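Participant: Below is work_19.txt; it holds compact mmCIF, C-alpha atoms.
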# COMPACT_ATOMS: atom_id res chain seq x y z
CA MET A 12 89.88 176.33 141.44
CA LEU A 13 92.52 176.33 144.12
CA ARG A 14 92.83 179.27 146.46
CA VAL A 15 95.77 179.52 148.84
CA ASP A 16 96.57 182.35 151.22
CA VAL A 17 98.70 181.13 154.10
CA THR A 18 101.55 181.94 156.45
CA LYS A 19 103.67 179.38 158.22
CA GLN A 20 106.74 179.69 160.40
CA LEU A 21 109.12 176.73 160.15
CA GLY A 22 112.06 177.41 162.43
CA GLU A 23 113.98 180.33 160.91
CA PHE A 24 112.08 180.06 157.65
CA SER A 25 108.86 181.94 157.10
CA LEU A 26 106.46 181.10 154.32
CA GLU A 27 103.92 183.67 153.23
CA ALA A 28 102.17 182.78 150.03
CA ALA A 29 98.94 183.71 148.29
CA PHE A 30 97.72 182.68 144.87
CA THR A 31 94.63 181.49 143.05
CA SER A 32 94.88 179.05 140.20
CA GLU A 33 92.34 178.04 137.61
CA GLY A 34 94.76 176.32 135.28
CA ARG A 35 94.87 172.67 134.46
CA VAL A 36 98.47 172.42 135.62
CA THR A 37 99.76 174.98 138.07
CA GLY A 38 103.54 174.98 138.08
CA LEU A 39 105.02 175.79 141.45
CA PHE A 40 108.50 176.98 140.61
CA GLY A 41 111.43 177.87 142.85
CA ALA A 42 114.88 176.87 144.00
CA SER A 43 115.20 174.23 146.68
CA GLY A 44 114.41 175.76 150.05
CA ALA A 45 111.96 178.25 148.55
CA GLY A 46 109.10 176.62 150.44
CA LYS A 47 107.51 174.61 147.63
CA SER A 48 107.23 171.34 149.55
CA SER A 49 105.86 173.04 152.66
CA LEU A 50 103.25 174.72 150.51
CA VAL A 51 102.06 171.48 148.87
CA GLY A 52 102.24 169.80 152.29
CA MET A 53 99.71 172.38 153.49
CA ILE A 54 97.48 171.91 150.44
CA ALA A 55 97.49 168.16 151.15
CA GLY A 56 96.68 168.81 154.81
CA LEU A 57 99.86 167.18 156.12
CA LEU A 58 101.00 170.53 157.50
CA ARG A 59 98.74 173.09 159.16
CA PRO A 60 99.15 176.76 158.26
CA ASP A 61 99.71 179.16 161.17
CA ARG A 62 97.24 181.51 159.58
CA GLY A 63 95.21 181.65 156.43
CA ILE A 64 92.85 179.93 154.06
CA ILE A 65 93.10 177.03 151.63
CA ALA A 66 90.08 176.31 149.46
CA LEU A 67 89.44 173.90 146.62
CA ASP A 68 86.48 174.78 144.41
CA ASP A 69 83.72 175.59 146.88
CA GLU A 70 85.15 173.73 149.83
CA ILE A 71 87.19 175.38 152.55
CA LEU A 72 90.00 172.98 153.54
CA ASP A 73 91.75 175.25 156.00
CA ASP A 74 90.53 178.40 157.62
CA THR A 75 92.52 179.21 160.73
CA ALA A 76 90.24 182.10 161.68
CA ARG A 77 87.29 179.71 161.94
CA GLY A 78 89.32 176.76 163.20
CA VAL A 79 88.67 174.68 160.07
CA HIS A 80 91.18 171.99 159.19
CA VAL A 81 90.07 169.11 157.00
CA PRO A 82 92.44 166.16 157.69
CA PRO A 83 94.40 164.78 154.71
CA HIS A 84 92.34 161.60 154.40
CA ARG A 85 89.14 163.58 153.82
CA ARG A 86 90.55 166.00 151.26
CA ARG A 87 90.57 163.73 148.22
CA ILE A 88 93.81 165.34 147.13
CA GLY A 89 96.29 162.95 145.53
CA TYR A 90 99.96 163.40 146.30
CA VAL A 91 102.85 162.02 144.29
CA PHE A 92 106.02 162.29 146.33
CA GLN A 93 109.52 162.67 144.99
CA ASP A 94 110.45 159.35 146.62
CA ALA A 95 107.30 157.50 145.40
CA ARG A 96 106.55 156.04 148.88
CA LEU A 97 105.02 152.83 147.60
CA PHE A 98 103.98 150.43 150.35
CA PRO A 99 106.77 147.84 150.51
CA HIS A 100 104.54 145.08 151.93
CA MET A 101 102.07 145.26 149.03
CA ASN A 102 102.59 144.40 145.39
CA VAL A 103 101.93 146.92 142.63
CA ALA A 104 98.30 145.87 142.16
CA GLN A 105 97.60 146.28 145.88
CA ASN A 106 99.35 149.64 145.93
CA LEU A 107 97.23 150.79 143.00
CA ASP A 108 94.03 149.59 144.64
CA TYR A 109 94.79 151.14 148.05
CA GLY A 110 93.15 154.53 147.52
CA ARG A 111 89.99 152.97 146.10
CA ARG A 112 89.70 150.68 149.12
CA MET A 113 90.33 153.44 151.65
CA ASN A 114 87.80 155.74 150.04
CA GLY A 115 85.21 152.98 149.86
CA LEU A 116 84.82 153.37 146.10
CA ALA A 117 83.35 150.63 143.95
CA ALA A 118 85.82 148.58 141.91
CA ASP A 119 86.29 150.14 138.48
CA PRO A 120 88.25 147.74 136.25
CA SER A 121 87.94 149.92 133.15
CA GLN A 122 89.40 152.93 134.97
CA GLN A 123 92.13 150.73 136.42
CA LYS A 124 92.95 149.47 132.93
CA ARG A 125 92.95 152.98 131.49
CA VAL A 126 95.40 154.18 134.11
CA THR A 127 97.72 151.16 133.95
CA ASP A 128 97.76 151.41 130.14
CA LEU A 129 98.35 155.15 130.22
CA LEU A 130 101.36 154.64 132.48
CA ASP A 131 102.55 151.36 130.95
CA ILE A 132 102.54 149.49 134.23
CA SER A 133 100.15 146.61 133.42
CA HIS A 134 103.04 144.14 133.27
CA LEU A 135 104.24 145.10 136.78
CA LEU A 136 101.09 144.32 138.77
CA ASP A 137 102.48 141.26 140.58
CA ARG A 138 105.80 142.81 141.53
CA ARG A 139 106.87 144.22 144.86
CA PRO A 140 108.09 147.85 144.89
CA GLY A 141 111.58 146.62 145.85
CA LYS A 142 111.85 144.97 142.43
CA LEU A 143 111.00 148.09 140.39
CA SER A 144 113.30 150.63 138.78
CA GLY A 145 113.11 154.27 139.88
CA GLY A 146 111.07 155.23 136.81
CA GLU A 147 108.66 152.33 137.24
CA ARG A 148 108.20 153.17 140.90
CA GLN A 149 107.31 156.75 140.04
CA ARG A 150 104.80 155.63 137.41
CA VAL A 151 103.13 153.30 139.90
CA ALA A 152 103.00 156.15 142.42
CA LEU A 153 101.27 158.30 139.78
CA GLY A 154 98.80 155.51 139.06
CA ARG A 155 98.13 154.95 142.75
CA ALA A 156 97.34 158.63 143.31
CA LEU A 157 95.14 158.80 140.18
CA LEU A 158 93.13 155.71 141.09
CA SER A 159 92.11 157.23 144.42
CA LYS A 160 90.05 159.57 142.17
CA PRO A 161 91.41 162.81 143.58
CA ARG A 162 89.90 166.23 142.95
CA LEU A 163 93.40 167.64 142.68
CA LEU A 164 96.75 165.98 142.11
CA LEU A 165 99.90 167.29 143.77
CA LEU A 166 103.14 166.29 142.11
CA ASP A 167 106.12 167.19 144.27
CA GLU A 168 109.20 167.01 142.02
CA PRO A 169 108.11 163.61 140.69
CA LEU A 170 111.19 163.50 138.48
CA GLY A 171 113.53 164.85 141.16
CA SER A 172 115.05 161.52 142.15
CA LEU A 173 115.56 160.31 138.56
CA ASP A 174 118.58 160.78 136.30
CA GLU A 175 118.27 162.63 132.96
CA GLY A 176 117.55 159.52 130.91
CA ARG A 177 114.74 158.44 133.22
CA LYS A 178 113.26 161.94 133.26
CA ILE A 179 112.91 161.88 129.48
CA GLU A 180 111.27 158.48 129.86
CA ILE A 181 108.63 159.74 132.33
CA LEU A 182 107.89 163.18 130.92
CA PRO A 183 105.67 161.93 128.06
CA TYR A 184 103.53 160.07 130.60
CA LEU A 185 103.02 163.28 132.52
CA VAL A 186 102.00 165.09 129.33
CA ARG A 187 99.50 162.32 128.58
CA LEU A 188 98.26 162.49 132.13
CA ARG A 189 97.69 166.22 131.81
CA ASP A 190 95.81 165.81 128.53
CA GLU A 191 93.81 162.69 129.33
CA ALA A 192 93.30 162.29 133.06
CA ASN A 193 91.11 165.35 133.54
CA VAL A 194 92.36 166.08 137.07
CA PRO A 195 93.77 169.52 137.86
CA MET A 196 97.36 169.34 139.03
CA VAL A 197 99.89 171.31 141.02
CA TYR A 198 103.31 170.48 139.66
CA VAL A 199 106.30 171.36 141.81
CA SER A 200 109.68 171.73 140.19
CA HIS A 201 112.92 173.69 140.22
CA ASP A 202 113.41 172.94 136.52
CA PRO A 203 111.99 175.58 134.13
CA ALA A 204 112.27 173.23 131.15
CA GLU A 205 109.98 170.70 132.81
CA LEU A 206 107.42 173.34 133.66
CA ARG A 207 107.47 174.86 130.15
CA GLN A 208 106.40 171.46 128.85
CA LEU A 209 103.74 170.77 131.42
CA ALA A 210 102.37 173.82 133.18
CA THR A 211 99.57 176.09 132.04
CA GLN A 212 100.16 178.59 134.80
CA ILE A 213 103.16 179.44 136.98
CA VAL A 214 103.50 180.41 140.63
CA MET A 215 107.06 181.47 141.32
CA LEU A 216 108.35 181.17 144.87
CA ARG A 217 111.51 182.64 146.36
CA ASP A 218 112.46 182.50 150.04
CA GLY A 219 108.90 181.73 151.06
CA ARG A 220 107.31 184.54 149.03
CA VAL A 221 105.42 184.51 145.74
CA THR A 222 107.52 186.64 143.37
CA ALA A 223 105.63 186.12 140.12
CA LEU A 224 102.32 184.75 138.86
CA GLY A 225 101.18 184.13 135.34
CA GLY A 226 101.65 182.07 132.19
CA VAL A 227 104.75 180.00 131.44
CA LYS A 228 106.38 183.10 129.99
CA VAL A 229 107.17 184.29 133.53
CA LEU A 230 109.80 181.54 133.45
CA SER A 231 111.81 183.32 130.77
CA GLY A 232 115.23 184.29 132.01
CA THR A 233 115.20 181.63 134.73
CA THR A 234 117.50 178.66 134.84
CA ALA A 235 117.47 175.54 136.92
CA MET B 236 115.78 107.50 179.32
CA SER B 237 112.32 106.36 180.32
CA GLU B 238 108.86 107.65 179.38
CA ILE B 239 107.46 110.99 180.42
CA THR B 240 105.10 110.39 183.35
CA PRO B 241 101.53 111.80 183.57
CA ALA B 242 102.64 114.17 186.34
CA GLU B 243 105.37 115.52 184.10
CA TRP B 244 102.91 115.89 181.22
CA THR B 245 100.67 117.89 183.53
CA ALA B 246 103.50 120.29 184.26
CA ILE B 247 104.48 120.56 180.57
CA LEU B 248 100.92 121.20 179.40
CA LEU B 249 100.32 123.68 182.20
CA SER B 250 103.53 125.50 181.25
CA LEU B 251 102.39 125.70 177.64
CA ARG B 252 98.92 126.90 178.63
CA VAL B 253 100.31 129.51 181.03
CA ALA B 254 102.83 130.78 178.49
CA VAL B 255 100.36 130.87 175.57
CA ILE B 256 97.70 132.71 177.58
CA ALA B 257 100.29 135.11 179.05
CA THR B 258 101.64 135.91 175.58
CA LEU B 259 98.26 136.30 173.90
CA VAL B 260 96.86 138.54 176.62
CA ALA B 261 100.04 140.62 176.92
CA THR B 262 100.49 141.20 173.18
CA PRO B 263 97.77 143.85 172.61
CA PHE B 264 99.02 145.76 175.65
CA GLY B 265 102.57 145.32 174.40
CA ILE B 266 101.68 146.73 170.97
CA ALA B 267 99.85 149.69 172.50
CA LEU B 268 102.73 150.47 174.84
CA ALA B 269 105.40 149.98 172.17
CA TRP B 270 103.48 152.34 169.90
CA LEU B 271 103.18 154.91 172.69
CA LEU B 272 106.89 154.72 173.49
CA ALA B 273 107.94 154.74 169.82
CA ARG B 274 105.74 157.59 168.65
CA TYR B 275 105.03 159.99 171.47
CA ASN B 276 106.89 162.21 173.86
CA PHE B 277 105.01 162.81 177.05
CA TRP B 278 105.59 163.68 180.65
CA GLY B 279 106.75 160.61 182.59
CA LYS B 280 107.80 158.68 179.49
CA SER B 281 111.18 157.69 180.95
CA VAL B 282 109.49 156.56 184.17
CA LEU B 283 107.05 154.41 182.19
CA ASP B 284 109.91 153.02 180.13
CA ALA B 285 111.83 152.13 183.30
CA LEU B 286 108.73 150.57 184.85
CA VAL B 287 108.27 148.29 181.84
CA HIS B 288 111.88 147.15 182.04
CA LEU B 289 111.88 146.72 185.82
CA PRO B 290 110.97 142.98 185.79
CA LEU B 291 114.07 142.42 183.67
CA VAL B 292 116.44 143.74 186.36
CA LEU B 293 114.59 143.14 189.63
CA PRO B 294 115.15 139.80 191.35
CA PRO B 295 112.17 137.73 190.14
CA VAL B 296 111.29 136.92 193.74
CA VAL B 297 110.81 140.65 194.35
CA THR B 298 108.46 140.96 191.37
CA GLY B 299 106.56 137.90 192.62
CA TYR B 300 106.32 139.29 196.12
CA LEU B 301 105.10 142.66 194.82
CA LEU B 302 102.43 140.81 192.84
CA LEU B 303 101.44 138.95 195.98
CA LEU B 304 101.23 142.22 197.94
CA THR B 305 99.05 143.92 195.33
CA LEU B 306 97.09 141.08 193.74
CA GLY B 307 97.15 138.46 196.50
CA ARG B 308 93.89 137.51 198.21
CA ARG B 309 94.52 140.19 200.83
CA GLY B 310 96.36 142.58 198.54
CA LEU B 311 95.03 146.03 197.80
CA VAL B 312 93.82 145.25 194.28
CA GLY B 313 93.47 141.50 194.81
CA ALA B 314 90.94 141.82 197.63
CA TRP B 315 88.83 144.23 195.60
CA LEU B 316 88.92 141.99 192.51
CA ALA B 317 87.97 138.93 194.59
CA ASP B 318 85.15 140.70 196.48
CA HIS B 319 83.61 142.59 193.57
CA LEU B 320 84.39 140.57 190.47
CA GLY B 321 85.20 137.16 191.91
CA ILE B 322 88.59 137.16 190.19
CA VAL B 323 91.36 135.45 192.16
CA PHE B 324 94.94 135.20 190.95
CA ALA B 325 96.79 133.95 194.02
CA PHE B 326 97.63 130.23 193.93
CA ARG B 327 95.75 129.75 190.65
CA TRP B 328 97.11 128.99 187.19
CA THR B 329 95.75 132.36 186.06
CA GLY B 330 98.09 133.93 188.60
CA ALA B 331 100.96 131.99 187.07
CA ALA B 332 99.98 133.39 183.66
CA LEU B 333 99.86 136.89 185.13
CA ALA B 334 103.32 136.52 186.70
CA CYS B 335 104.70 135.18 183.42
CA GLY B 336 103.07 138.00 181.48
CA VAL B 337 104.61 140.63 183.73
CA MET B 338 108.04 138.99 183.64
CA SER B 339 108.09 138.58 179.87
CA PHE B 340 106.57 141.98 179.08
CA PRO B 341 109.87 143.85 178.55
CA LEU B 342 111.04 141.18 176.11
CA LEU B 343 107.72 141.39 174.27
CA VAL B 344 107.67 145.19 174.02
CA ARG B 345 111.22 145.79 172.86
CA PRO B 346 111.21 144.20 169.38
CA ILE B 347 107.76 145.67 168.69
CA ARG B 348 108.96 149.12 169.65
CA LEU B 349 112.07 148.78 167.49
CA SER B 350 110.05 147.66 164.49
CA ILE B 351 107.59 150.53 164.88
CA GLU B 352 110.48 152.98 165.17
CA ALA B 353 111.96 151.57 161.96
CA ILE B 354 108.82 152.28 159.93
CA ASP B 355 109.16 155.20 157.55
CA ARG B 356 106.48 157.63 158.67
CA LYS B 357 106.35 159.06 155.18
CA LEU B 358 104.54 155.88 154.18
CA GLU B 359 101.84 156.67 156.72
CA GLN B 360 101.55 160.19 155.31
CA ALA B 361 101.18 158.73 151.82
CA ALA B 362 98.41 156.44 153.12
CA SER B 363 96.52 159.39 154.60
CA THR B 364 96.67 161.34 151.32
CA LEU B 365 95.15 158.26 149.67
CA GLY B 366 92.14 158.54 151.95
CA ALA B 367 93.03 156.31 154.91
CA ALA B 368 91.75 157.51 158.30
CA PRO B 369 94.33 157.30 161.13
CA TRP B 370 93.11 153.94 162.46
CA ARG B 371 93.16 152.47 158.95
CA VAL B 372 96.68 153.79 158.41
CA PHE B 373 97.60 151.90 161.58
CA ALA B 374 95.81 148.72 160.47
CA THR B 375 96.98 148.66 156.85
CA VAL B 376 100.47 150.18 157.01
CA THR B 377 101.88 150.42 160.54
CA LEU B 378 100.74 147.06 161.86
CA PRO B 379 101.66 144.92 158.80
CA LEU B 380 105.10 146.53 158.61
CA ALA B 381 105.61 145.94 162.34
CA LEU B 382 104.27 142.38 162.16
CA PRO B 383 107.62 140.56 162.02
CA GLY B 384 108.71 142.55 165.10
CA ILE B 385 105.44 141.72 166.83
CA LEU B 386 105.90 138.00 166.11
CA ALA B 387 109.53 138.14 167.24
CA GLY B 388 108.43 139.82 170.48
CA MET B 389 105.71 137.23 171.00
CA VAL B 390 108.15 134.35 170.50
CA LEU B 391 110.69 135.87 172.89
CA GLY B 392 107.98 136.65 175.43
CA PHE B 393 106.65 133.12 175.13
CA ALA B 394 110.12 131.65 175.69
CA LYS B 395 110.61 133.82 178.76
CA ALA B 396 107.15 132.93 180.07
CA ILE B 397 107.73 129.22 179.71
CA GLY B 398 111.00 129.44 181.63
CA GLU B 399 109.73 131.75 184.36
CA PHE B 400 110.34 130.50 187.88
CA GLY B 401 111.05 133.01 190.63
CA ALA B 402 108.07 135.34 190.32
CA THR B 403 105.67 132.48 189.64
CA ILE B 404 106.66 130.32 192.61
CA THR B 405 106.59 133.37 194.90
CA PHE B 406 103.18 134.55 193.73
CA VAL B 407 101.29 131.30 193.15
CA SER B 408 103.50 128.68 194.83
CA ASN B 409 104.19 125.21 193.42
CA ILE B 410 100.93 123.25 193.42
CA PRO B 411 100.95 120.19 191.14
CA GLY B 412 98.14 120.42 188.58
CA GLU B 413 97.36 124.05 189.38
CA THR B 414 100.53 126.14 189.45
CA GLN B 415 103.37 123.66 189.03
CA VAL B 416 105.00 124.54 185.70
CA ILE B 417 108.07 122.91 184.12
CA SER B 418 110.58 125.02 186.05
CA SER B 419 108.94 124.57 189.45
CA ALA B 420 108.52 120.83 188.72
CA ILE B 421 112.27 120.59 187.99
CA TYR B 422 112.95 122.45 191.22
CA SER B 423 110.84 119.96 193.18
CA LEU B 424 112.36 116.96 191.40
CA ILE B 425 115.99 117.86 192.06
CA GLN B 426 115.15 118.11 195.73
CA THR B 427 113.70 114.59 195.70
CA PRO B 428 116.30 111.77 196.16
CA ASP B 429 115.42 109.81 193.00
CA GLY B 430 114.08 112.67 190.89
CA ASP B 431 117.19 113.15 188.72
CA ALA B 432 115.99 111.25 185.65
CA ALA B 433 112.62 112.98 185.64
CA ALA B 434 114.29 116.35 186.15
CA MET B 435 116.60 115.63 183.21
CA ARG B 436 113.65 114.86 180.93
CA LEU B 437 112.05 118.20 181.78
CA VAL B 438 115.39 119.99 181.39
CA ILE B 439 115.72 118.63 177.85
CA ILE B 440 112.18 119.71 177.03
CA SER B 441 112.94 123.21 178.33
CA VAL B 442 116.07 123.43 176.22
CA VAL B 443 114.18 122.32 173.11
CA ILE B 444 111.36 124.84 173.60
CA ALA B 445 113.74 127.73 174.35
CA THR B 446 115.99 126.94 171.39
CA ALA B 447 113.06 126.67 169.01
CA ALA B 448 111.77 130.02 170.26
CA LEU B 449 115.12 131.74 169.73
CA ILE B 450 115.48 130.34 166.22
CA GLY B 451 111.91 131.40 165.47
CA SER B 452 112.56 134.89 166.79
CA GLU B 453 115.70 135.21 164.66
CA TRP B 454 113.78 134.10 161.58
CA PHE B 455 111.05 136.67 162.15
CA ALA B 456 113.64 139.40 162.64
CA ARG B 457 115.20 138.52 159.28
CA ARG B 458 111.79 138.61 157.63
CA ALA B 459 111.27 142.07 159.11
CA THR B 460 114.34 143.45 157.41
CA GLN B 461 113.35 141.91 154.08
CA ARG B 462 109.83 143.21 154.36
CA LEU B 463 110.92 146.77 155.07
CA HIS B 464 113.18 146.68 152.04
CA GLY B 465 110.30 145.61 149.86
CA ASN B 466 111.47 142.23 148.64
What's the structure tokens form of this structure?

Facilitator:
Amino acid sequence: MLRVDVTKQLGEFSLEAAFTSEGRVTGLFGASGAGKSSLVGMIAGLLRPDRGIIALDDEILDDTARGVHVPPHRRRIGYVFQDARLFPHMNVAQNLDYGRRMNGLAADPSQQKRVTDLLDISHLLDRRPGKLSGGERQRVALGRALLSKPRLLLLDEPLGSLDEGRKIEILPYLVRLRDEANVPMVYVSHDPAELRQLATQIVMLRDGRVTALGGVKVLSGTTA
Amino acid sequence: MSEITPAEWTAILLSLRVAVIATLVATPFGIALAWLLARYNFWGKSVLDALVHLPLVLPPVVTGYLLLLTLGRRGLVGAWLADHLGIVFAFRWTGAALACGVMSFPLLVRPIRLSIEAIDRKLEQAASTLGAAPWRVFATVTLPLALPGILAGMVLGFAKAIGEFGATITFVSNIPGETQVISSAIYSLIQTPDGDAAAMRLVIISVVIATAALIGSEWFARRATQRLHGN
């Protein structure tokens, strides 16, 4: 369970959002500039809320009143960025293994194989990120986040930098991920069609405020 | 042209030793300072930046004299170091290394700073979400991506150190076997009536070392660009 109740002032923009999600995939929906990325940035711990609470299951990650702020590296929250952010000086295998190494987890070849098979990236292990297509890069980024064994996976417009053809190529992987990976996810998107396919619960954001909460049906009447 | 004499070898080897030690000791400080200047804004930053670059624009003899005033046997810091820790720089080869380190420091810091500034900080954020503590982010992402810049800075700093003359001769003089490096040996030789041939041999060696360093530095810089583009 993810509980968020935060305020944050970012220049002229003010974000004031509260929601609780139990769903397997929480869709964070809103136009660009609605505050979606700032919100996931706070859940990941990369941004600190001015005021409020963020809690995952029984653990408080942020509580400004009590001065609690768990730094990102201790949150065990995976983050897939729109621009993949693979490490350019490491090959795909090293990128995939990074989270395991940093968290001091034992090597788990069967898990590694499951994830690389799920995402169809086994044939890319020796390549450098510079030699991958946009879709491949995004799949590796997904695998890298998954293999760090996160308690929650944040996907910030993972299809945002891809053209339509590539999106259709990646979407089935995300569906498989949702059904097989067994990690709760927060999926950020401005595309209702994407969220209808993936999300089990929707948080709608507009101008830094939550305007609707509920099942995917709250998306009806919205367009990209 | 005749053989290199033992005295010339002494100067060449001393130059190499002084420049290698100066570069190796200065590099960690250079990385720390480059990182500070690239990543943080703090009070007095422009003063610190100017101070680092000062040896580049001051007459070397002034830098050498300032070193002598502070770290000489009777200098403020030098006297304390000699009395309490038994460390003496003046008229020793270690002093030559110190002078070379100070003189080459701006050339060492600059490429490192540029390469740290060129690193996409979003990669460091990604590393932290994958569980890397700040020091491990530095060790596994920042440092490897800055490595070509660090090597380029080291090569440039080394080349500067091996050619240093003014500050060294002012601070530690020109003692054969102790502080006489290639440049001060050349200086002595061209003031000796029949020293021209020997001077020319050392001049050629200087040119070779400096050229090799510049080519090396250029190569590392090219590698840096490739590395940051993920090829």

Participant: Provide an axis-aligned box for all listed atoms of region 394-407 of chain B, padding each side by 6 Å; report its centre and its edge lengths in Å to one decimal, as AutoDock Vina command-line options.

Facilitator:
--center_x 106.2 --center_y 132.3 --center_z 185.3 --size_x 21.8 --size_y 18.1 --size_z 31.2

Participant: Residues of chain A no more than 7 Å from chain B, counting only C-alpha atoms: send them over as a list in words.

Facilitator: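 Every residue meeting the condition is included here: Ala55, Pro83, His84, Arg85, Arg87, Ile88, Gly89, Tyr90, Arg96, Phe98, Pro99, His100, Gly110, Met113, Asn114, Arg139, Pro140, Gly141, Lys142, Ala156 and Ser159 of chain A.
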
Participant: Go through region 284-351 of chain B and flag each residue having an atom no more than 7 Å from region 241-254 of chain B; for those, report the closest pair of atoms plus their distance in Å to one decimal, using only C-alpha atoms, ordered by chain and rising number, as CSV.

Facilitator:
residue,atom,partner,partner_atom,distance
B:Trp328,CA,B:Val253,CA,7.0
B:Ala331,CA,B:Val253,CA,6.6
B:Ala332,CA,B:Val253,CA,4.7
B:Cys335,CA,B:Ala254,CA,6.9

Participant: Nearest residue to Lys160 (chain A) out of A:Leu130, A:Val81, A:Ala118, A:Ile65, using all atoms listed in the file?

Facilitator: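 Closest candidate: A:Ala118.
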
Participant: So that I can check the surroundings of region 405-422 of chain B, please list as JSON, numbers by chain every protein, DNA and RNA residue that reaches within 9 Å of it, counting all atoms listed in the file and ignoring chain neighbours fewer than 2 positions away.

Facilitator: {"B": [242, 243, 245, 246, 247, 248, 249, 250, 251, 253, 295, 296, 297, 298, 299, 300, 301, 302, 303, 304, 306, 307, 324, 325, 326, 327, 328, 329, 330, 331, 334, 397, 398, 399, 400, 401, 402, 403, 424, 425, 426, 430, 431, 433, 434, 435, 437, 438, 440, 441]}

Participant: If you count all atoms listed in the file, which residues fall within 9 Å of Leu449 (chain B), apart from same-chain ones fewer than 3 positions away, as a list in words?

Facilitator: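 Counting all atoms listed in the file, the residues come to Ala387, Val390, Leu391, Ala394, Ile444, Ala445, Thr446, Ser452, Glu453 and Trp454 of chain B.
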
Participant: Could you turn the residues from that selection into a file that holds C-alpha atoms, as a compact mmCIF listing (two decimals), keeping the file's coordinate frame?

Facilitator:
# COMPACT_ATOMS: atom_id res chain seq x y z
CA ALA B 387 109.53 138.14 167.24
CA VAL B 390 108.15 134.35 170.50
CA LEU B 391 110.69 135.87 172.89
CA ALA B 394 110.12 131.65 175.69
CA ILE B 444 111.36 124.84 173.60
CA ALA B 445 113.74 127.73 174.35
CA THR B 446 115.99 126.94 171.39
CA SER B 452 112.56 134.89 166.79
CA GLU B 453 115.70 135.21 164.66
CA TRP B 454 113.78 134.10 161.58

Participant: Out of B:Ala459, B:Ile239, B:Ala432, B:Ile266, which residue has the shortest atom-to-atom distance to Ile347 (chain B) when counting only C-alpha atoms?

Facilitator: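 Residue with the minimum atom-to-atom distance to Ile347 (chain B): B:Ile266.
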
Participant: Considering only C-alpha atoms, return as a PDB file with C-alpha atoms, in the coordinates of the input whatever protein or nucleic-acid residues lie within 7 Å of Leu136 (chain A), sequence-local ones (same chain, fewer than 6 positions apart) excluded.

Facilitator:
ATOM      1  CA  ASN A 102     102.590 144.400 145.390  1.00  0.00           C
ATOM      2  CA  VAL A 103     101.930 146.920 142.630  1.00  0.00           C
ATOM      3  CA  ALA A 104      98.300 145.870 142.160  1.00  0.00           C
TER       4      ALA A 104
END

Participant: Looking at A:His134, A:Val194, A:Leu107, A:Pro120, which one is nearest to Val151 (chain A), with distances taken over all atoms listed in the file?

Facilitator: A:Leu107

Participant: In Å, how far is it from CA of Arg458 (chain B) to CA of Ser350 (chain B)?

Facilitator: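 Rounded to one decimal, the two atoms are 11.5 Å apart.
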
Participant: What lies within 8 Å of Pro169 (chain A) using all atoms listed in the file, ignoring chain neighbours under 2 positions off, as a ChimeraX atom specification?

Facilitator: /A:91-95,149,166-167,171-172

Participant: Just checking: using only C-alpha atoms, which residue out of B:Leu382, B:Leu291, B:Ala257, B:Leu333 ends up closest to Ile351 (chain B)?

Facilitator: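 Residue with the minimum atom-to-atom distance to Ile351 (chain B): B:Leu382.
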
Participant: What is the CA of Ser423 (chain B)-CA of Thr240 (chain B) distance in Å, reported with one decimal?

Facilitator: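 CA of Thr240 (chain B) lies 14.9 Å from CA of Ser423 (chain B).
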
Participant: Which distance in Å separates CA of Gln208 (chain A) and CA of Leu165 (chain A), to one decimal?

Facilitator: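 Rounded to one decimal, the two atoms are 16.8 Å apart.
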
Participant: Compile the contact shell of Lys280 (chain B) as a PDB file with C-alpha atoms, keeping the file's coordinate frame: residues with an atom at most 12 Å away, counting only C-alpha atoms, same-chain residues fewer than 6 positions apart removed.

Facilitator:
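Below you can see selection-v3.pdb, which holds the result:
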ATOM      1  CA  LEU B 268     102.730 150.470 174.840  1.00  0.00           C
ATOM      2  CA  ALA B 269     105.400 149.980 172.170  1.00  0.00           C
ATOM      3  CA  LEU B 271     103.180 154.910 172.690  1.00  0.00           C
ATOM      4  CA  LEU B 272     106.890 154.720 173.490  1.00  0.00           C
ATOM      5  CA  ALA B 273     107.940 154.740 169.820  1.00  0.00           C
ATOM      6  CA  ARG B 274     105.740 157.590 168.650  1.00  0.00           C
ATOM      7  CA  LEU B 286     108.730 150.570 184.850  1.00  0.00           C
ATOM      8  CA  VAL B 287     108.270 148.290 181.840  1.00  0.00           C
TER       9      VAL B 287
END

Participant: In terms of the shortest atom-to-atom distance over all atoms listed in the file, which of A:Leu39, A:Met12, A:Leu182, A:Asp137 is closest to Leu67 (chain A)?

Facilitator: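 Smallest separation from Leu67 (chain A) among the options: A:Met12.
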
Participant: Find the residues with any atom within 6 Å of (89.6, 175.8, 155.2); use all atoms listed in the file and the coordinates as given in the file, and write the answer as a PyMOL selection string.

Facilitator: chain A and resi 64-66+71-74+79-80
